[in-house]
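The structure file my_file-v4.cif is reproduced below (mmCIF, C-alpha atoms).
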```cif
data_coords
#
loop_
_atom_site.label_atom_id
_atom_site.label_comp_id
_atom_site.auth_asym_id
_atom_site.auth_seq_id
_atom_site.Cartn_x
_atom_site.Cartn_y
_atom_site.Cartn_z
CA MET A 13 0.00 0.00 0.00
CA LYS A 14 1.27 3.45 -0.90
CA LYS A 15 1.95 6.08 1.73
CA ILE A 16 -0.01 9.34 1.54
CA GLU A 17 3.19 11.24 0.68
CA GLU A 18 3.39 9.25 -2.55
CA TYR A 19 0.07 10.72 -3.73
CA VAL A 20 1.16 14.36 -3.24
CA ARG A 21 2.66 15.88 -6.38
CA SER A 22 5.64 18.15 -5.67
CA ILE A 23 6.18 20.92 -8.21
CA PRO A 24 9.57 22.68 -7.98
CA ASP A 25 9.94 26.44 -8.44
CA PHE A 26 6.22 27.25 -8.15
CA PRO A 27 4.97 29.90 -7.57
CA GLU A 28 8.56 31.18 -7.48
CA LYS A 29 12.08 29.81 -7.71
CA GLY A 30 13.19 27.86 -4.65
CA ILE A 31 9.65 26.91 -3.56
CA ILE A 32 8.34 23.36 -3.82
CA PHE A 33 4.56 23.49 -4.29
CA ARG A 34 2.76 20.57 -2.63
CA ASP A 35 -0.22 19.86 -4.88
CA VAL A 36 -3.21 18.29 -3.15
CA THR A 37 -5.14 17.78 -6.41
CA SER A 38 -3.09 14.66 -7.14
CA VAL A 39 -4.42 13.19 -3.87
CA LEU A 40 -8.01 14.13 -4.73
CA GLN A 41 -7.80 12.66 -8.24
CA ASP A 42 -6.85 9.20 -7.01
CA ALA A 43 -9.58 7.22 -5.23
CA GLU A 44 -7.09 5.34 -3.03
CA GLY A 45 -5.17 8.54 -2.25
CA LEU A 46 -8.35 10.39 -1.28
CA LYS A 47 -9.52 7.53 0.93
CA LEU A 48 -6.11 7.31 2.59
CA ALA A 49 -6.06 11.09 3.18
CA ILE A 50 -9.53 11.12 4.76
CA ASP A 51 -8.84 8.01 6.84
CA SER A 52 -5.49 9.41 8.00
CA MET A 53 -7.08 12.70 9.04
CA ILE A 54 -9.83 10.82 10.89
CA GLY A 55 -7.06 8.93 12.69
CA LEU A 56 -5.75 12.25 14.04
CA LEU A 57 -9.04 12.58 15.93
CA ASP A 58 -8.78 9.33 17.89
CA GLY A 59 -9.72 10.05 21.50
CA VAL A 60 -10.74 13.68 20.81
CA ASP A 61 -14.04 14.77 22.35
CA PHE A 62 -15.80 17.21 20.01
CA ASP A 63 -19.22 18.27 18.75
CA VAL A 64 -18.67 20.02 15.40
CA ILE A 65 -16.24 20.07 12.49
CA ALA A 66 -15.54 23.40 10.78
CA GLY A 67 -13.55 23.80 7.60
CA THR A 68 -12.17 26.66 5.58
CA GLU A 69 -13.11 27.47 2.02
CA SER A 70 -12.47 25.56 -0.12
CA ARG A 71 -10.12 22.68 0.57
CA GLY A 72 -11.20 22.56 4.20
CA PHE A 73 -14.64 21.72 2.81
CA ILE A 74 -13.19 18.96 0.64
CA PHE A 75 -11.64 17.21 3.63
CA GLY A 76 -13.94 18.38 6.43
CA VAL A 77 -17.26 17.22 4.99
CA PRO A 78 -16.31 13.54 4.51
CA ILE A 79 -14.70 13.51 7.96
CA ALA A 80 -17.88 14.96 9.49
CA TYR A 81 -20.00 12.46 7.56
CA ALA A 82 -17.86 9.48 8.63
CA LEU A 83 -17.94 10.56 12.29
CA ASN A 84 -21.62 11.58 12.27
CA LYS A 85 -20.86 15.21 13.18
CA PRO A 86 -22.24 18.45 11.75
CA PHE A 87 -20.08 20.54 9.43
CA VAL A 88 -19.72 24.34 9.59
CA PRO A 89 -18.33 26.19 6.56
CA ILE A 90 -15.96 29.11 7.08
CA ARG A 91 -16.07 31.20 3.93
CA LYS A 92 -14.53 34.18 2.24
CA LYS A 93 -16.24 37.47 3.04
CA GLY A 94 -19.59 38.05 1.35
CA LYS A 95 -20.42 34.41 0.54
CA LEU A 96 -22.74 33.50 3.43
CA PRO A 97 -26.41 34.55 3.29
CA CYS A 98 -27.30 34.95 6.99
CA GLU A 99 -25.91 37.14 9.76
CA THR A 100 -22.17 36.54 10.11
CA ILE A 101 -19.14 37.30 12.22
CA SER A 102 -15.81 37.93 10.54
CA ALA A 103 -12.08 37.91 11.15
CA SER A 104 -9.31 39.33 9.03
CA TYR A 105 -5.82 37.97 8.64
CA ASP A 106 -2.64 38.91 6.85
CA LEU A 107 -1.53 37.49 3.55
CA GLU A 108 1.91 37.77 2.00
CA TYR A 109 0.73 40.85 0.08
CA GLY A 110 -2.25 42.37 1.88
CA SER A 111 -5.03 40.91 3.96
CA ALA A 112 -8.20 38.84 3.63
CA GLU A 113 -11.35 38.28 5.62
CA ILE A 114 -13.33 35.14 6.45
CA GLU A 115 -16.82 34.72 7.85
CA MET A 116 -18.97 32.23 9.70
CA HIS A 117 -22.70 32.31 10.33
CA LYS A 118 -23.38 33.85 13.73
CA ASP A 119 -25.50 30.85 14.75
CA ALA A 120 -23.06 28.18 13.47
CA ILE A 121 -21.37 27.42 16.79
CA LYS A 122 -23.23 27.29 20.09
CA PRO A 123 -21.56 28.39 23.34
CA GLY A 124 -19.64 25.50 24.86
CA GLN A 125 -19.42 23.42 21.70
CA LYS A 126 -16.10 21.73 21.06
CA VAL A 127 -14.91 22.32 17.51
CA VAL A 128 -12.38 20.58 15.29
CA LEU A 129 -10.95 22.82 12.57
CA VAL A 130 -9.93 21.16 9.29
CA ASP A 131 -7.87 22.40 6.35
CA ASP A 132 -5.65 20.82 3.75
CA LEU A 133 -2.46 22.73 4.53
CA ILE A 134 -0.86 24.89 7.19
CA ALA A 135 1.71 27.34 5.90
CA THR A 136 1.96 30.63 7.83
CA GLY A 137 -1.12 29.80 9.92
CA GLY A 138 -2.96 33.08 9.32
CA THR A 139 -6.18 31.63 7.95
CA ILE A 140 -6.64 28.98 10.61
CA GLU A 141 -5.68 31.39 13.40
CA ALA A 142 -8.51 33.67 12.19
CA CYS A 143 -10.81 30.62 12.32
CA THR A 144 -9.93 30.04 15.97
CA ARG A 145 -10.94 33.63 16.73
CA LEU A 146 -14.33 33.10 15.06
CA VAL A 147 -15.01 29.90 17.00
CA GLU A 148 -14.06 31.51 20.29
CA GLU A 149 -16.04 34.70 19.58
CA LEU A 150 -19.15 32.51 19.35
CA GLY A 151 -18.31 30.81 22.66
CA GLY A 152 -16.96 27.60 21.16
CA GLU A 153 -13.81 25.80 22.20
CA VAL A 154 -11.23 24.63 19.66
CA ALA A 155 -10.73 20.96 20.55
CA LYS A 156 -8.18 20.23 17.81
CA ILE A 157 -6.89 21.54 14.49
CA ILE A 158 -5.97 19.04 11.78
CA PHE A 159 -4.29 19.33 8.40
CA LEU A 160 -3.34 16.93 5.67
CA MET A 161 -0.02 18.75 5.10
CA GLU A 162 2.22 21.12 7.02
CA LEU A 163 5.01 23.31 5.68
CA ALA A 164 7.05 23.48 8.90
CA GLY A 165 9.54 25.99 7.48
CA LEU A 166 6.84 28.68 7.42
CA LYS A 167 6.28 28.31 11.20
CA GLY A 168 2.47 28.43 11.08
CA ARG A 169 2.30 26.22 14.14
CA GLU A 170 3.76 29.08 16.20
CA LYS A 171 0.54 31.09 15.67
CA LEU A 172 -1.36 28.08 17.01
CA ALA A 173 0.83 27.37 20.03
CA ASN A 174 -2.18 27.34 22.39
CA TYR A 175 -4.00 24.63 20.42
CA ASP A 176 -3.72 20.91 19.79
CA VAL A 177 -2.47 20.80 16.18
CA ALA A 178 -1.75 17.72 14.07
CA SER A 179 -0.79 17.07 10.46
CA VAL A 180 -0.70 13.83 8.50
CA ILE A 181 2.39 14.93 6.51
CA THR A 182 5.03 17.43 7.62
CA TYR A 183 7.46 18.89 5.10
CA PRO A 184 10.49 20.59 6.69
CA GLY A 185 10.78 23.46 4.18
CA LYS A 186 8.50 26.10 2.69
#
```

In structure tokens, what does this structure look like?
Amino acid sequence: MKKIEEYVRSIPDFPEKGIIFRDVTSVLQDAEGLKLAIDSMIGLLDGVDFDVIAGTESRGFIFGVPIAYALNKPFVPIRKKGKLPCETISASYDLEYGSAEIEMHKDAIKPGQKVVLVDDLIATGGTIEACTRLVEELGGEVAKIIFLMELAGLKGREKLANYDVASVITYPGK
């Protein structure tokens, strides 16, 4: 059986020279790779007590929904600003060149609920750190944060030092 790392396509010098882009689409396009990714991420939740899974647009949806389905938990989407139809709360975060804003429905998390955050990749940690602020603003507790891949060289985990964070694959560089 192949290891999950074998399904991830590595593209050198993208988006710029010296960077190795870790492409998740090669995992998604292979039935065995996708199953292994979802099963591996579910494995990161062994022994974790939680009520809700929340995922970021859009790859957090791709991984979060099947995990929620498999574990019989509800799923909460965290979207880019202006995409949700009901009353929302928002959080901004810094990008390499500028900033962005994400939103969650104001009624998505109930006070006291334990939430698992899911995304495909942690790089600098800005997006997922903004997600933790949204969950906590609504009175939820972040029980765990899981990723398929981590780019350890970008030190995103440092922004999440107060949380239980796990990744299926950790790459040492950027």

Can you list, as a JSON list (two decimals) with C-alpha atoms, keeping the file's coordinate frame, every protein, DNA or RNA residue that comes within 10 Å of Arg145 in chain A when you count only C-alpha atoms, leaving out same-chain residues fewer than 5 positions away?
```json
[["chain", "number", "residue", "atom", "x", "y", "z"],
["A", 102, "SER", "CA", -15.81, 37.93, 10.54],
["A", 103, "ALA", "CA", -12.08, 37.91, 11.15],
["A", 104, "SER", "CA", -9.31, 39.33, 9.03],
["A", 140, "ILE", "CA", -6.64, 28.98, 10.61],
["A", 150, "LEU", "CA", -19.15, 32.51, 19.35],
["A", 151, "GLY", "CA", -18.31, 30.81, 22.66],
["A", 152, "GLY", "CA", -16.96, 27.60, 21.16],
["A", 153, "GLU", "CA", -13.81, 25.80, 22.20],
["A", 154, "VAL", "CA", -11.23, 24.63, 19.66]]
```

Report task. Please write as a ChimeraX atom specification the full residue list that the PyMOL selection byres ((chain A and resi 24-37) around 12) yields on this file. Result -> /A:16-23,38-43,45-46,49,71-72,74-75,131-135,159-163,165-166,181-186

Query - Selected residue, from A:Val64, A:Ile90, A:Leu107, A:Val177, that lies nearest to Pro123 in chain A when counting all atoms listed in the file - result: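 Closest to Pro123 in chain A of all the choices is A:Val64.
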
Query raised in the report: Between A:Ala173, A:Val60, A:Ile50, A:Ile101, which one has atoms that come closest to Pro78 in chain A, using all atoms listed in the file?
Result: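 Smallest distance to Pro78 in chain A is found for A:Ile50.
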
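Run against this file, the PyMOL selection byres ((chain A and resi 96) around 12) gives back Glu69, Val88, Pro89, Ile90, Arg91, Lys92, Lys93, Gly94, Lys95, Pro97, Cys98, Glu99, Thr100, Ile101, Ser102, Ile114, Glu115, Met116, His117, Lys118, Asp119 and Ala120 of chain A.
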
Query raised in the report: Taking into account all atoms listed in the file, which residue in the set A:Cys143, A:Met53, A:Leu129, A:Ile121 is nearest to Ile157 in chain A?
Result: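 For Ile157 in chain A, the nearest of the candidates is A:Leu129.
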
Query raised in the report: What does the distance between CA of Pro86 in chain A and CA of Ile65 in chain A come to in Å, to one decimal place?
Result: 6.3 Å

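If you look at CA of Val130 in chain A and CA of Ile158 in chain A, they are 5.1 Å away from each other.
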
Report task. Would you work out the distance separating CA of Thr139 in chain A from CA of Tyr105 in chain A, expressed in Å to one decimal? Result ->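 Distance between the two atoms: 6.4 Å.
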
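Of the listed residues A:Glu108, A:Glu44, A:Asp51, A:Asp61, the one whose atoms come nearest to Thr136 in chain A is A:Glu108, with distances taken using all atoms listed in the file.
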
Query raised in the report: Which residues come within 12 Å of Gly59 in chain A, counting only C-alpha atoms, excluding same-chain residues fewer than 3 positions away, as an NGL selection string?
Result: :A and (54-56 or 62 or 155-156)

Query raised in the report: Hey, which of A:Gly138, A:Thr68, A:Val77, A:Asn174 ends up closest to Gly110 in chain A? Count only C-alpha atoms.
Result: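 Of A:Gly138, A:Thr68, A:Val77, A:Asn174, the one nearest Gly110 in chain A is A:Gly138, counting only C-alpha atoms.
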
Query - For Leu48 in chain A, the nearest of the candidates A:Val147, A:Met13, A:Ser70, A:Ser111, counting all atoms listed in the file - result: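 Comparing A:Val147, A:Met13, A:Ser70, A:Ser111 against Leu48 in chain A, the winner is A:Met13.
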